Amino acid sequence: MDFSAKSRPQAHPGIARIWWIRLTVLAVPLAPALVAAEVVLRASGGAGSPARRVEAPKVSAYDSLLGWSLTPGAGIRHRTSEFDVSVRINRQGFRADREYSEKASPGILRIVGLGDSFAFGQGVEVEESYLAILERRLRNAEVINVGVPGYGVDQQLLILESRGLRYHPDLVLLGLHTPDVFRS
């Protein structure tokens, strides 16, 4: 068999031109649509801002380690079409109506609860969060809720290391919601 350049079949010279025309026909309407989408995202604050932070409106702020964290001492009335609740953040930056000492009282089981909006208690009063209910059901236990809406497991680990462990927990409870893994 002869594999020289002369014996190979030649591509039809018009095929490449047809493909360039097809790509141009697709690109012409697509480019303005992409530009319009970019303009809308930037105008709405969606581009370059942490979208998950809106789950804790006005009670969170930029944090150089965590991306955002709850603002110590913040408090708002959070109203949506689904709920109307009071959101209070204690001086330590946790959703709670009280402050915590770094050491638990003798005989008290200290639990640090991590998680996202479920642990935080999004949409319910602080005493209705599952971590507050757990504390009431356990005898001689104190549960510190360090859950923050929108956090991925990476942020949950970082908040445990940087803030939660200073309270010397006997137990760390991770409230894992599947999307938390993909937020990392």
# chains A, B, ... in the order shown; residues from 1 in each chain; ligands from 1

call {"tool": "select_by_dssp", "arguments": {"residues": "region 22-155 of chain A", "states": "strand (DSSP E)", "output": "count of residues only"}}
result
30

call {"tool": "closest_residue", "arguments": {"among": "A:Ile89, A:Ser184, A:Arg139, A:Pro149", "to": "Arg77 (chain A)", "atoms": "only C-alpha atoms"}}
result
A:Ile89

call {"tool": "closest_atom_pairs", "arguments": {"of": "region 81-114 of chain A", "to": "region 67-76 of chain A", "cutoff": "8 Å", "atoms": "only C-alpha atoms", "output": "Markdown table"}}
result
| residue | atom | partner | partner_atom | distance |
| --- | --- | --- | --- | --- |
| A:Ser86 | CA | A:Ile76 | CA | 6.0 |
| A:Val87 | CA | A:Ile76 | CA | 5.3 |
| A:Arg88 | CA | A:Gly75 | CA | 4.3 |
| A:Ile89 | CA | A:Ala74 | CA | 5.2 |
| A:Asn90 | CA | A:Gly73 | CA | 5.1 |
| A:Arg91 | CA | A:Pro72 | CA | 4.5 |
| A:Gln92 | CA | A:Pro72 | CA | 5.7 |
| A:Gly93 | CA | A:Pro72 | CA | 4.2 |
| A:Phe94 | CA | A:Leu70 | CA | 6.7 |

call {"tool": "residues_around", "arguments": {"residues": "region 168-177 of chain A", "least_positions_apart": "6", "cutoff": "10 Å", "atoms": "only C-alpha atoms", "output": "PyMOL selection string"}}
result
chain A and resi 101-104+108-120+130-131+141-145+147+152-153+156-157+160

call {"tool": "closest_residue", "arguments": {"among": "A:Asn140, A:Glu128, A:Ser64, A:Ala33", "to": "Ser105 (chain A)", "atoms": "only C-alpha atoms"}}
result
A:Asn140

call {"tool": "closest_residue", "arguments": {"among": "A:Pro179, A:Tyr167, A:Arg79, A:Leu23", "to": "Glu99 (chain A)", "atoms": "only C-alpha atoms"}}
result
A:Tyr167

call {"tool": "closest_residue", "arguments": {"among": "A:Val40, A:Ala31, A:Val124, A:Val25", "to": "Thr80 (chain A)", "atoms": "only C-alpha atoms"}}
result
A:Val124

call {"tool": "closest_residue", "arguments": {"among": "A:Gln122, A:Ala96, A:Leu66, A:Leu158", "to": "Phe83 (chain A)", "atoms": "only C-alpha atoms"}}
result
A:Gln122

call {"tool": "select_by_dssp", "arguments": {"residues": "chain A", "states": "helix (DSSP H, G or I)", "output": "MDAnalysis selection string"}}
result
chainID A and resid 13:44 51:55 117:120 126:128 130:137 153:162 164:167 178:182

call {"tool": "write_last_selection", "arguments": {"atoms": "C-alpha atoms", "output": "mmCIF file, in the first residue's frame"}}
result
data_model
loop_
_atom_site.group_PDB
_atom_site.id
_atom_site.type_symbol
_atom_site.label_atom_id
_atom_site.label_comp_id
_atom_site.auth_asym_id
_atom_site.auth_seq_id
_atom_site.Cartn_x
_atom_site.Cartn_y
_atom_site.Cartn_z
ATOM 1 C CA PRO A 13 -12.154 22.213 0.698
ATOM 2 C CA GLY A 14 -15.734 23.430 1.307
ATOM 3 C CA ILE A 15 -16.267 21.292 4.467
ATOM 4 C CA ALA A 16 -14.076 23.498 6.680
ATOM 5 C CA ARG A 17 -15.828 26.585 5.366
ATOM 6 C CA ILE A 18 -19.258 25.073 6.150
ATOM 7 C CA TRP A 19 -18.182 24.351 9.766
ATOM 8 C CA TRP A 20 -16.900 27.908 10.236
ATOM 9 C CA ILE A 21 -20.214 29.252 8.978
ATOM 10 C CA ARG A 22 -22.128 26.982 11.392
ATOM 11 C CA LEU A 23 -19.984 28.085 14.349
ATOM 12 C CA THR A 24 -20.466 31.743 13.434
ATOM 13 C CA VAL A 25 -24.231 31.286 13.181
ATOM 14 C CA LEU A 26 -24.197 29.820 16.724
ATOM 15 C CA ALA A 27 -21.802 32.399 18.201
ATOM 16 C CA VAL A 28 -23.560 35.528 16.915
ATOM 17 C CA PRO A 29 -26.739 35.159 19.049
ATOM 18 C CA LEU A 30 -24.945 33.395 21.914
ATOM 19 C CA ALA A 31 -22.420 36.159 22.640
ATOM 20 C CA PRO A 32 -24.990 38.911 23.387
ATOM 21 C CA ALA A 33 -26.994 36.473 25.542
ATOM 22 C CA LEU A 34 -23.895 35.688 27.641
ATOM 23 C CA VAL A 35 -23.055 39.382 27.966
ATOM 24 C CA ALA A 36 -26.645 40.122 29.069
ATOM 25 C CA ALA A 37 -26.507 37.330 31.665
ATOM 26 C CA GLU A 38 -23.233 38.734 33.029
ATOM 27 C CA VAL A 39 -24.734 42.229 33.299
ATOM 28 C CA VAL A 40 -27.808 40.924 35.145
ATOM 29 C CA LEU A 41 -25.683 38.877 37.583
ATOM 30 C CA ARG A 42 -23.403 41.801 38.342
ATOM 31 C CA ALA A 43 -26.331 44.199 38.804
ATOM 32 C CA SER A 44 -28.061 41.776 41.196
ATOM 33 C CA ALA A 51 -24.543 33.314 47.278
ATOM 34 C CA ARG A 52 -25.048 31.079 50.306
ATOM 35 C CA ARG A 53 -24.603 33.962 52.736
ATOM 36 C CA VAL A 54 -28.108 35.252 51.975
ATOM 37 C CA GLU A 55 -29.442 32.430 54.160
ATOM 38 C CA SER A 117 -28.764 26.125 58.095
ATOM 39 C CA PHE A 118 -30.338 23.004 59.604
ATOM 40 C CA ALA A 119 -28.060 23.135 62.657
ATOM 41 C CA PHE A 120 -28.408 26.933 62.798
ATOM 42 C CA VAL A 126 -33.621 29.477 68.539
ATOM 43 C CA GLU A 127 -35.321 27.185 71.070
ATOM 44 C CA GLU A 128 -36.894 25.164 68.220
ATOM 45 C CA TYR A 130 -32.767 20.513 66.806
ATOM 46 C CA LEU A 131 -29.647 21.320 68.841
ATOM 47 C CA ALA A 132 -31.712 23.254 71.416
ATOM 48 C CA ILE A 133 -34.219 20.390 71.566
ATOM 49 C CA LEU A 134 -31.336 17.929 72.066
ATOM 50 C CA GLU A 135 -30.033 20.006 74.970
ATOM 51 C CA ARG A 136 -33.458 20.031 76.655
ATOM 52 C CA ARG A 137 -33.855 16.260 76.255
ATOM 53 C CA VAL A 153 -17.845 20.695 55.505
ATOM 54 C CA ASP A 154 -14.566 22.578 55.011
ATOM 55 C CA GLN A 155 -15.959 25.638 56.807
ATOM 56 C CA GLN A 156 -17.520 23.417 59.467
ATOM 57 C CA LEU A 157 -14.102 21.907 60.201
ATOM 58 C CA LEU A 158 -12.487 25.350 60.265
ATOM 59 C CA ILE A 159 -15.061 26.788 62.678
ATOM 60 C CA LEU A 160 -14.663 23.745 64.913
ATOM 61 C CA GLU A 161 -10.872 24.173 64.983
ATOM 62 C CA SER A 162 -10.866 27.954 65.338
ATOM 63 C CA GLY A 164 -15.619 25.313 68.764
ATOM 64 C CA LEU A 165 -12.697 23.487 70.349
ATOM 65 C CA ARG A 166 -11.971 26.389 72.714
ATOM 66 C CA TYR A 167 -15.120 25.287 74.585
ATOM 67 C CA THR A 178 -25.578 16.210 51.498
ATOM 68 C CA PRO A 179 -25.077 19.603 49.767
ATOM 69 C CA ASP A 180 -22.541 20.536 52.464
ATOM 70 C CA VAL A 181 -20.071 18.140 50.848
ATOM 71 C CA PHE A 182 -20.379 19.869 47.477
#

call {"tool": "atom_distance", "arguments": {"atom1": "CA of Glu82 (chain A)", "atom2": "CA of Arg98 (chain A)"}}
result
26.6 Å

call {"tool": "atom_distance", "arguments": {"atom1": "CA of Leu138 (chain A)", "atom2": "CA of Val85 (chain A)"}}
result
25.1 Å

call {"tool": "atom_distance", "arguments": {"atom1": "CA of Ser81 (chain A)", "atom2": "CA of Gly123 (chain A)"}}
result
10.5 Å

call {"tool": "decode", "arguments": {"residues": "region 141-164 of chain A", "atoms": "N, CA, C and O atoms", "output": "tab-separated table (two decimals), in the first residue's frame"}}
result
chain	number	residue	atom	x	y	z
A	141	ALA	N	-26.55	18.32	80.17
A	141	ALA	CA	-25.80	18.56	78.94
A	141	ALA	C	-25.96	20.01	78.52
A	141	ALA	O	-26.97	20.66	78.80
A	142	GLU	N	-24.94	20.48	77.86
A	142	GLU	CA	-24.96	21.83	77.28
A	142	GLU	C	-24.54	21.70	75.83
A	142	GLU	O	-23.50	21.12	75.52
A	143	VAL	N	-25.38	22.19	74.93
A	143	VAL	CA	-25.12	22.09	73.49
A	143	VAL	C	-24.85	23.49	72.95
A	143	VAL	O	-25.71	24.37	73.04
A	144	ILE	N	-23.67	23.68	72.39
A	144	ILE	CA	-23.29	24.96	71.78
A	144	ILE	C	-23.49	24.83	70.28
A	144	ILE	O	-22.86	24.00	69.63
A	145	ASN	N	-24.36	25.66	69.74
A	145	ASN	CA	-24.71	25.62	68.32
A	145	ASN	C	-23.76	26.53	67.54
A	145	ASN	O	-23.89	27.75	67.59
A	146	VAL	N	-22.82	25.94	66.81
A	146	VAL	CA	-21.91	26.73	65.97
A	146	VAL	C	-22.28	26.59	64.49
A	146	VAL	O	-21.48	26.91	63.62
A	147	GLY	N	-23.50	26.14	64.21
A	147	GLY	CA	-23.98	26.02	62.83
A	147	GLY	C	-24.13	27.38	62.17
A	147	GLY	O	-24.56	28.34	62.80
A	148	VAL	N	-23.77	27.44	60.88
A	148	VAL	CA	-23.87	28.67	60.10
A	148	VAL	C	-24.51	28.34	58.76
A	148	VAL	O	-24.04	27.43	58.06
A	149	PRO	N	-25.56	29.06	58.38
A	149	PRO	CA	-26.21	28.79	57.10
A	149	PRO	C	-25.23	28.84	55.92
A	149	PRO	O	-24.40	29.73	55.83
A	150	GLY	N	-25.36	27.84	55.06
A	150	GLY	CA	-24.57	27.79	53.84
A	150	GLY	C	-23.19	27.19	53.98
A	150	GLY	O	-22.47	27.06	52.98
A	151	TYR	N	-22.77	26.82	55.16
A	151	TYR	CA	-21.42	26.29	55.33
A	151	TYR	C	-21.27	24.92	54.71
A	151	TYR	O	-22.15	24.06	54.81
A	152	GLY	N	-20.11	24.70	54.07
A	152	GLY	CA	-19.71	23.39	53.59
A	152	GLY	C	-18.92	22.70	54.69
A	152	GLY	O	-18.60	23.30	55.72
A	153	VAL	N	-18.56	21.44	54.46
A	153	VAL	CA	-17.84	20.69	55.51
A	153	VAL	C	-16.47	21.29	55.77
A	153	VAL	O	-15.95	21.17	56.89
A	154	ASP	N	-15.86	21.94	54.78
A	154	ASP	CA	-14.57	22.58	55.01
A	154	ASP	C	-14.70	23.72	56.02
A	154	ASP	O	-13.92	23.82	56.97
A	155	GLN	N	-15.74	24.54	55.87
A	155	GLN	CA	-15.96	25.64	56.81
A	155	GLN	C	-16.37	25.10	58.17
A	155	GLN	O	-16.00	25.68	59.21
A	156	GLN	N	-17.11	24.01	58.19
A	156	GLN	CA	-17.52	23.42	59.47
A	156	GLN	C	-16.30	22.94	60.24
A	156	GLN	O	-16.21	23.12	61.46
A	157	LEU	N	-15.34	22.33	59.54
A	157	LEU	CA	-14.10	21.91	60.20
A	157	LEU	C	-13.32	23.12	60.70
A	157	LEU	O	-12.82	23.13	61.83
A	158	LEU	N	-13.23	24.15	59.87
A	158	LEU	CA	-12.49	25.35	60.26
A	158	LEU	C	-13.11	26.05	61.47
A	158	LEU	O	-12.39	26.50	62.36
A	159	ILE	N	-14.44	26.13	61.52
A	159	ILE	CA	-15.06	26.79	62.68
A	159	ILE	C	-14.91	25.92	63.93
A	159	ILE	O	-14.75	26.45	65.04
A	160	LEU	N	-14.91	24.62	63.77
A	160	LEU	CA	-14.66	23.74	64.91
A	160	LEU	C	-13.26	24.00	65.45
A	160	LEU	O	-13.08	24.20	66.65
A	161	GLU	N	-12.26	23.99	64.55
A	161	GLU	CA	-10.87	24.17	64.98
A	161	GLU	C	-10.62	25.57	65.56
A	161	GLU	O	-9.92	25.70	66.56
A	162	SER	N	-11.18	26.59	64.92
A	162	SER	CA	-10.87	27.95	65.34
A	162	SER	C	-11.73	28.47	66.49
A	162	SER	O	-11.30	29.35	67.23
A	163	ARG	N	-12.94	27.95	66.65
A	163	ARG	CA	-13.84	28.49	67.67
A	163	ARG	C	-14.46	27.42	68.57
A	163	ARG	O	-14.56	27.61	69.78
A	164	GLY	N	-14.90	26.32	67.99
A	164	GLY	CA	-15.62	25.31	68.76
A	164	GLY	C	-14.77	24.58	69.78
A	164	GLY	O	-15.23	24.32	70.90
